[in-house]
Amino acid sequence: MTAAMENCSNCSSCRFLTMEEKILLYDVKFWMEGVIQLSLAVIGVITNLVSIYVLSRKELINTFNQLLITLAIFDILYLIIMFLDSLGQVFLPVYTGQIPDWYKLSTPYVLYPGKAISLTCSVFMMVSIGVERYMAMYYPFSRIPLIGSDGTKSHCFKKRR
């Protein structure tokens, strides 16, 4: 049994588990919450950065793409916080034998509220994207600008006399 496993609050409170089951539980936690979650966070940050780069090109600037860029930013924020959470709670204690001090200090003030805020913002952005798509489908002509980029007035909505 490792020193990190002795400090694990989940494993030490399970008095009905055998030692083999505790070791299996600890190994599964390491691989699922440590290695796999860290890998997915890195992949998610990279793909969101690529999507921000593609969607922010000059010819693709519109409201929908700006909402997608904002969603990608909130997702990157959430993934970075989850990366730090996995690093401090699961991955580093295996090598150092204890939870790092920076993790203990940042969890109640940065990591826990940051996860909640960024997840709430991501959900809000999904709702905003849904409303924007609804407006685009059911009111398609309200999206046409009245004044064009060259300064001329559009004749689509001009009243007849």
# chains A, B, ... in the order shown; residues from 1 in each chain; ligands from 1
>>> residues_around(residues="Thr47 of chain A", least_positions_apart="3", cutoff="12 Å", atoms="only C-alpha atoms", output="ChimeraX atom specification")
/A:40-44,50-54,69,72-73,75-76,79
>>> write_last_selection(atoms="C-alpha atoms", output="short mmCIF file (atom, residue, chain, number, x, y, z; two decimals), in the first residue's frame")
data_model
loop_
_atom_site.label_atom_id
_atom_site.label_comp_id
_atom_site.auth_asym_id
_atom_site.auth_seq_id
_atom_site.Cartn_x
_atom_site.Cartn_y
_atom_site.Cartn_z
CA LEU A 40 -8.80 14.35 -22.50
CA ALA A 41 -8.27 17.81 -21.03
CA VAL A 42 -5.16 18.35 -23.17
CA ILE A 43 -6.95 17.08 -26.30
CA GLY A 44 -9.97 19.29 -25.53
CA VAL A 50 -8.05 25.09 -33.32
CA SER A 51 -11.78 25.82 -33.53
CA ILE A 52 -11.23 29.35 -32.18
CA TYR A 53 -8.56 29.90 -34.82
CA VAL A 54 -10.81 28.64 -37.63
CA ILE A 69 -15.88 31.10 -29.96
CA ALA A 72 -14.91 27.35 -26.74
CA ILE A 73 -13.26 29.88 -24.40
CA ASP A 75 -14.76 25.16 -22.31
CA ILE A 76 -11.01 25.82 -22.32
CA LEU A 79 -10.71 22.02 -19.02
#
>>> residues_around(residues="segment 111-114 of chain A", least_positions_apart="5", cutoff="9 Å", atoms="only C-alpha atoms", output="ChimeraX atom specification")
/A:77-78,81-82,84-85,103,106,119
>>> write_last_selection(atoms="N, CA and C atoms", output="PDB file, in the first residue's frame")
ATOM      1  N   LEU A  77     -11.456  27.136 -20.341  1.00  0.00           N
ATOM      2  CA  LEU A  77     -11.310  27.486 -18.930  1.00  0.00           C
ATOM      3  C   LEU A  77     -11.681  26.312 -18.031  1.00  0.00           C
ATOM      4  N   TYR A  78     -12.782  25.651 -18.339  1.00  0.00           N
ATOM      5  CA  TYR A  78     -13.206  24.493 -17.557  1.00  0.00           C
ATOM      6  C   TYR A  78     -12.187  23.358 -17.652  1.00  0.00           C
ATOM      7  N   ILE A  81      -9.075  24.081 -15.552  1.00  0.00           N
ATOM      8  CA  ILE A  81      -9.345  23.888 -14.123  1.00  0.00           C
ATOM      9  C   ILE A  81      -9.438  22.403 -13.794  1.00  0.00           C
ATOM     10  N   MET A  82     -10.070  21.615 -14.660  1.00  0.00           N
ATOM     11  CA  MET A  82     -10.140  20.173 -14.422  1.00  0.00           C
ATOM     12  C   MET A  82      -8.753  19.529 -14.529  1.00  0.00           C
ATOM     13  N   LEU A  84      -5.896  20.988 -13.658  1.00  0.00           N
ATOM     14  CA  LEU A  84      -5.233  21.282 -12.390  1.00  0.00           C
ATOM     15  C   LEU A  84      -5.811  20.458 -11.247  1.00  0.00           C
ATOM     16  N   ASP A  85      -7.124  20.232 -11.281  1.00  0.00           N
ATOM     17  CA  ASP A  85      -7.774  19.423 -10.249  1.00  0.00           C
ATOM     18  C   ASP A  85      -7.275  17.984 -10.291  1.00  0.00           C
ATOM     19  N   TYR A 103      -2.520  22.831  -4.144  1.00  0.00           N
ATOM     20  CA  TYR A 103      -3.854  22.293  -4.392  1.00  0.00           C
ATOM     21  C   TYR A 103      -4.766  22.543  -3.196  1.00  0.00           C
ATOM     22  N   SER A 106      -5.622  26.334  -3.253  1.00  0.00           N
ATOM     23  CA  SER A 106      -6.398  26.863  -4.384  1.00  0.00           C
ATOM     24  C   SER A 106      -7.764  26.220  -4.551  1.00  0.00           C
ATOM     25  N   LEU A 119     -18.583  26.052 -15.857  1.00  0.00           N
ATOM     26  CA  LEU A 119     -19.614  25.128 -16.322  1.00  0.00           C
ATOM     27  C   LEU A 119     -20.948  25.849 -16.506  1.00  0.00           C
TER      28      LEU A 119
END
